[in-house]
$ cat data.txt   # compact mmCIF, C-alpha atoms
# COMPACT_ATOMS: atom_id res chain seq x y z
CA MET A 28 0.05 35.59 -2.07
CA VAL A 29 2.05 33.03 -0.17
CA PRO A 30 0.31 30.36 1.90
CA ASP A 31 0.96 29.96 5.60
CA LEU A 32 0.65 27.12 8.07
CA ALA A 33 -1.70 28.31 10.79
CA ALA A 34 -2.79 26.68 14.01
CA PRO A 35 -6.49 25.75 13.87
CA THR A 36 -8.65 28.71 14.85
CA THR A 37 -12.33 29.51 15.14
CA ASP A 38 -11.65 32.66 13.09
CA LEU A 39 -11.56 30.45 9.98
CA HIS A 40 -14.89 28.68 10.61
CA ALA A 41 -16.63 29.93 7.44
CA SER A 42 -13.61 29.26 5.23
CA TRP A 43 -13.06 25.81 6.75
CA LEU A 44 -16.73 24.95 6.10
CA GLU A 45 -16.29 25.95 2.44
CA ALA A 46 -13.28 23.64 2.14
CA HIS A 47 -15.16 20.87 3.95
CA ALA A 48 -18.11 21.22 1.55
CA GLU A 49 -15.75 20.91 -1.42
CA TRP A 50 -14.66 17.46 -0.26
CA GLY A 51 -18.28 16.35 -0.23
CA PRO A 52 -20.11 14.05 2.15
CA ASP A 53 -18.36 10.98 3.48
CA MET A 54 -15.01 11.94 2.00
CA HIS A 55 -11.96 11.61 4.24
CA GLU A 56 -10.07 14.85 4.74
CA ASP A 57 -6.50 13.99 5.71
CA GLY A 58 -4.58 16.39 7.90
CA PHE A 59 -7.53 17.83 9.82
CA GLY A 60 -7.99 15.33 12.67
CA LEU A 61 -11.71 15.27 11.97
CA LEU A 62 -13.56 12.42 13.66
CA PRO A 63 -17.06 11.18 12.75
CA THR A 64 -18.22 12.38 16.18
CA ASP A 65 -17.01 15.97 15.67
CA GLU A 66 -19.82 18.47 15.13
CA VAL A 67 -18.29 21.29 13.11
CA ASP A 68 -21.26 23.08 11.54
CA SER A 69 -22.29 25.15 14.56
CA PRO A 70 -19.94 27.75 16.06
CA ALA A 71 -20.08 25.98 19.44
CA GLY A 72 -19.28 22.56 17.95
CA PHE A 73 -16.51 24.02 15.82
CA GLU A 74 -15.01 25.69 18.89
CA VAL A 75 -14.97 22.36 20.76
CA TRP A 76 -13.27 20.65 17.82
CA VAL A 77 -10.65 23.39 17.41
CA ALA A 78 -9.95 23.26 21.15
CA ARG A 79 -9.33 19.50 20.89
CA LEU A 80 -6.93 20.00 17.99
CA THR A 81 -4.97 22.76 19.67
CA ASP A 82 -4.91 21.07 23.10
CA GLU A 83 -4.03 17.58 21.89
CA PRO A 84 -0.23 17.94 21.90
CA ASP A 85 -0.01 18.84 25.55
CA HIS A 86 -3.11 17.84 27.50
CA GLY A 87 -4.17 14.45 28.77
CA ASN A 88 -2.70 12.41 25.93
CA THR A 89 -1.78 8.99 27.30
CA SER A 90 -1.26 7.21 23.94
CA GLY A 91 2.38 8.28 23.59
CA ILE A 92 1.43 10.07 20.35
CA ARG A 93 1.35 13.81 20.06
CA CYS A 94 0.01 15.65 17.06
CA ARG A 95 0.59 19.12 15.68
CA TYR A 96 -2.25 20.21 13.37
CA ARG A 97 -1.80 23.04 10.92
CA TRP A 98 -4.17 24.50 8.36
CA ILE A 99 -2.82 25.64 5.03
CA VAL A 100 -4.21 29.15 4.62
CA GLU A 101 -3.80 31.76 1.93
CA GLY A 102 -5.54 35.13 2.10
CA GLY A 103 -7.96 33.89 4.75
CA LYS A 104 -8.93 30.85 2.65
CA VAL A 105 -8.35 27.34 4.02
CA LEU A 106 -6.61 25.37 1.28
CA GLY A 107 -5.99 22.19 3.27
CA GLY A 108 -4.67 20.63 6.41
CA ILE A 109 -1.52 18.84 7.50
CA ALA A 110 -0.74 16.96 10.69
CA LEU A 111 2.55 15.89 12.24
CA ARG A 112 2.27 12.92 14.60
CA TYR A 113 5.27 12.32 16.81
CA GLY A 114 6.00 9.69 19.36
CA SER A 115 5.63 5.99 18.78
CA GLY A 116 2.74 3.63 18.68
CA GLU A 117 0.21 1.86 16.52
CA THR A 118 -1.32 5.08 15.15
CA VAL A 119 1.98 6.22 13.65
CA THR A 120 2.72 2.72 12.36
CA ARG A 121 -0.69 2.61 10.65
CA THR A 122 -1.14 6.20 9.43
CA GLY A 123 2.39 7.63 9.34
CA HIS A 124 3.98 10.63 10.99
CA ILE A 125 2.57 13.15 8.51
CA GLY A 126 -0.81 13.25 6.81
CA PHE A 127 -2.12 15.98 4.54
CA GLY A 128 -5.10 16.87 2.40
CA ILE A 129 -5.72 19.68 -0.06
CA ARG A 130 -9.20 20.90 -1.01
CA PRO A 131 -10.03 19.96 -4.60
CA SER A 132 -9.94 23.53 -5.98
CA ALA A 133 -6.39 24.08 -4.63
CA ARG A 134 -4.86 20.88 -5.98
CA GLY A 135 -2.20 20.85 -8.68
CA CYS A 136 -0.66 24.17 -7.60
CA GLY A 137 2.20 22.89 -5.41
CA VAL A 138 0.39 23.58 -2.12
CA ALA A 139 0.93 20.06 -0.76
CA THR A 140 4.60 20.05 -1.73
CA TRP A 141 5.12 23.40 -0.02
CA ALA A 142 3.22 22.36 3.14
CA LEU A 143 5.04 19.03 3.41
CA GLY A 144 8.37 20.84 3.21
CA ARG A 145 7.34 23.16 6.04
CA MET A 146 6.14 20.23 8.17
CA LEU A 147 9.41 18.38 7.55
CA ASP A 148 11.15 21.45 8.99
CA ASP A 149 8.94 21.11 12.09
CA ALA A 150 9.80 17.40 12.37
CA ARG A 151 13.50 18.26 12.12
CA GLY A 152 13.01 20.86 14.87
CA LEU A 153 11.53 18.14 17.09
CA GLY A 154 14.68 16.05 16.59
CA MET A 155 13.14 13.52 14.23
CA ASP A 156 15.60 12.03 11.74
CA ARG A 157 13.08 10.24 9.52
CA VAL A 158 9.33 10.16 9.05
CA LEU A 159 6.81 7.68 7.69
CA LEU A 160 4.12 8.83 5.25
CA VAL A 161 1.26 6.63 4.09
CA CYS A 162 -1.06 7.26 1.15
CA ALA A 163 -3.59 5.24 -0.80
CA GLU A 164 -1.94 3.22 -3.55
CA GLU A 165 -3.98 4.97 -6.25
CA ASN A 166 -3.26 8.48 -4.90
CA VAL A 167 -0.61 9.36 -7.47
CA ALA A 168 -0.58 13.07 -6.54
CA SER A 169 0.28 12.35 -2.89
CA ALA A 170 2.88 9.75 -3.92
CA LYS A 171 4.57 12.32 -6.20
CA THR A 172 4.49 14.94 -3.44
CA ILE A 173 6.16 12.54 -1.01
CA GLU A 174 8.73 11.46 -3.61
CA ARG A 175 9.60 15.13 -4.35
CA HIS A 176 10.77 15.35 -0.74
CA GLY A 177 12.92 12.24 -1.01
CA GLY A 178 10.32 9.66 0.01
CA VAL A 179 11.50 6.10 -0.51
CA LEU A 180 8.82 3.47 -1.00
CA GLU A 181 9.10 0.82 1.71
CA SER A 182 6.12 -1.30 0.67
CA ILE A 183 2.52 -1.42 -0.44
CA GLN A 184 0.34 -2.99 2.24
CA ASP A 185 -3.31 -3.91 2.51
CA THR A 186 -5.17 -1.79 5.07
CA GLU A 187 -8.78 -1.48 6.21
CA LEU A 188 -9.12 1.31 3.60
CA GLY A 189 -7.45 -0.61 0.76
CA PRO A 190 -3.86 -0.87 -0.49
CA ALA A 191 -1.54 1.84 0.85
CA ARG A 192 1.93 3.00 -0.10
CA ARG A 193 4.35 3.38 2.82
CA TYR A 194 7.20 5.86 2.34
CA TRP A 195 10.11 6.91 4.52
CA ILE A 196 11.70 10.35 4.25
CA THR A 197 15.10 10.84 5.86
CA ILE A 198 15.34 14.33 7.29
CA GLY A 199 18.80 15.77 6.81
CA GLN A 200 20.22 18.62 8.78
CA ARG A 201 19.32 22.00 7.34
CA SER A 202 22.36 23.69 5.90
CA THR A 203 23.42 26.82 7.76
CA THR A 204 25.44 28.13 4.85
CA SER A 205 24.00 30.57 2.36
CA LEU A 206 24.70 31.01 -1.33
$ encode --input "data.txt" --output "structure tokens"
Amino acid sequence: MVPDLAAPTTDLHASWLEAHAEWGPDMHEDGFGLLPTDEVDSPAGFEVWVARLTDEPDHGNTSGIRCRYRWIVEGGKVLGGIALRYGSGETVTRTGHIGFGIRPSARGCGVATWALGRMLDDARGLGMDRVLLVCAEENVASAKTIERHGGVLESIQDTELGPARRYWITIGQRSTTSL
């Protein structure tokens, strides 16, 4: 099977809960836009959360930041999440344009590399010419994923969550020629 990037949907509630449980309590799940105040266990709470994620790019956002959330899904199983933030502001400066997280059982299989490539295509489609990605200094897997897509380390900075690597990826124009 080949994974897909899917807009958040209530149809994947059970699968998303399985992925969420794999992360364990109090673990941060990058790419999902999950806030401590989100109630995702009940169908009604999950529906409210999904509505916020799918409405965020176009409704009532006054921060200057828009965000496109996608879930990485394969065969009805949620493997992870990835978010593309576009616009300017403190949130992008602090967290980067793209954030992603892969459930523990799906790591090491190239899922993050694949999803980041797809999200870079989306960024290119929005007219972005470069994107910032930020990961924890000790997160070697994320650093390698970013570097596979041409990420250039700008710096390592102290943050409220500890030291973080800051990478820039220049997005080239997609070639229209074929082999």
$ residues_around --input "data.txt" --residues "His40 of chain A" --least-positions-apart "2" --cutoff "12 Å" --atoms "all atoms listed in the file" --output "PDB file with C-alpha atoms, in the coordinates of the input"
ATOM      1  CA  PRO A  35      -6.490  25.750  13.870  1.00  0.00           C
ATOM      2  CA  THR A  36      -8.650  28.710  14.850  1.00  0.00           C
ATOM      3  CA  THR A  37     -12.330  29.510  15.140  1.00  0.00           C
ATOM      4  CA  ASP A  38     -11.650  32.660  13.090  1.00  0.00           C
ATOM      5  CA  SER A  42     -13.610  29.260   5.230  1.00  0.00           C
ATOM      6  CA  TRP A  43     -13.060  25.810   6.750  1.00  0.00           C
ATOM      7  CA  LEU A  44     -16.730  24.950   6.100  1.00  0.00           C
ATOM      8  CA  GLU A  45     -16.290  25.950   2.440  1.00  0.00           C
ATOM      9  CA  ALA A  46     -13.280  23.640   2.140  1.00  0.00           C
ATOM     10  CA  HIS A  47     -15.160  20.870   3.950  1.00  0.00           C
ATOM     11  CA  VAL A  67     -18.290  21.290  13.110  1.00  0.00           C
ATOM     12  CA  ASP A  68     -21.260  23.080  11.540  1.00  0.00           C
ATOM     13  CA  SER A  69     -22.290  25.150  14.560  1.00  0.00           C
ATOM     14  CA  PRO A  70     -19.940  27.750  16.060  1.00  0.00           C
ATOM     15  CA  ALA A  71     -20.080  25.980  19.440  1.00  0.00           C
ATOM     16  CA  GLY A  72     -19.280  22.560  17.950  1.00  0.00           C
ATOM     17  CA  PHE A  73     -16.510  24.020  15.820  1.00  0.00           C
ATOM     18  CA  GLU A  74     -15.010  25.690  18.890  1.00  0.00           C
ATOM     19  CA  VAL A  75     -14.970  22.360  20.760  1.00  0.00           C
ATOM     20  CA  TRP A  76     -13.270  20.650  17.820  1.00  0.00           C
ATOM     21  CA  VAL A  77     -10.650  23.390  17.410  1.00  0.00           C
ATOM     22  CA  TRP A  98      -4.170  24.500   8.360  1.00  0.00           C
ATOM     23  CA  GLY A 103      -7.960  33.890   4.750  1.00  0.00           C
ATOM     24  CA  LYS A 104      -8.930  30.850   2.650  1.00  0.00           C
ATOM     25  CA  VAL A 105      -8.350  27.340   4.020  1.00  0.00           C
TER      26      VAL A 105
END
$ residues_near_point --input "data.txt" --point "(-5.1, -0.5, 5.8)" --cutoff "10 Å" --atoms "all atoms listed in the file" --output "ChimeraX atom specification"
/A:121-122,161-163,183-192
$ closest_residue --input "data.txt" --among "A:Glu101, A:Asp149, A:Glu181, A:Glu174" --to "Asp31 of chain A" --atoms "only C-alpha atoms"
A:Glu101
$ residues_around --input "data.txt" --residues "Tyr96 of chain A" --least-positions-apart "5" --cutoff "10 Å" --atoms "all atoms listed in the file" --output "NGL selection string"
:A and (32-35 or 58-60 or 77 or 80-81 or 83-84 or 108-112 or 125-127 or 146)
$ closest_residue --input "data.txt" --among "A:Pro63, A:Pro131, A:Gly177, A:Gly114" --to "Arg93 of chain A" --atoms "only C-alpha atoms"
A:Gly114
$ residues_around --input "data.txt" --residues "Gly107 of chain A" --least-positions-apart "5" --cutoff "7 Å" --atoms "only C-alpha atoms" --output "VMD selection string"
chain A and resid 98 to 99 128 to 130
$ write_last_selection --input "data.txt" --atoms "C-alpha atoms" --output "mmCIF file, in the frame of the given file"
data_model
loop_
_atom_site.group_PDB
_atom_site.id
_atom_site.type_symbol
_atom_site.label_atom_id
_atom_site.label_comp_id
_atom_site.auth_asym_id
_atom_site.auth_seq_id
_atom_site.Cartn_x
_atom_site.Cartn_y
_atom_site.Cartn_z
ATOM 1 C CA TRP A 98 -4.170 24.500 8.360
ATOM 2 C CA ILE A 99 -2.820 25.640 5.030
ATOM 3 C CA GLY A 128 -5.100 16.870 2.400
ATOM 4 C CA ILE A 129 -5.720 19.680 -0.060
ATOM 5 C CA ARG A 130 -9.200 20.900 -1.010
#
$ closest_residue --input "data.txt" --among "A:Arg95, A:Arg175, A:Arg79, A:Arg193" --to "Gly144 of chain A" --atoms "all atoms listed in the file"
A:Arg175
$ closest_residue --input "data.txt" --among "A:Thr64, A:Gly51, A:Ile198, A:Val100" --to "Gly152 of chain A" --atoms "all atoms listed in the file"
A:Ile198
$ closest_residue --input "data.txt" --among "A:Val138, A:Ala133, A:Ala150, A:Leu159" --to "Val119 of chain A" --atoms "all atoms listed in the file"
A:Leu159
$ atom_distance --input "data.txt" --atom1 "atom CA of Gly123 of chain A" --atom2 "atom CA of Ile173 of chain A"
12.1 Å
$ atom_distance --input "data.txt" --atom1 "atom CA of Gly178 of chain A" --atom2 "atom CA of Leu160 of chain A"
8.2 Å
$ closest_residue --input "data.txt" --among "A:Ala48, A:Leu39, A:Leu62, A:Val167" --to "Ser132 of chain A" --atoms "all atoms listed in the file"
A:Ala48
$ atom_distance --input "data.txt" --atom1 "atom CA of Val179 of chain A" --atom2 "atom CA of Arg157 of chain A"
11.0 Å
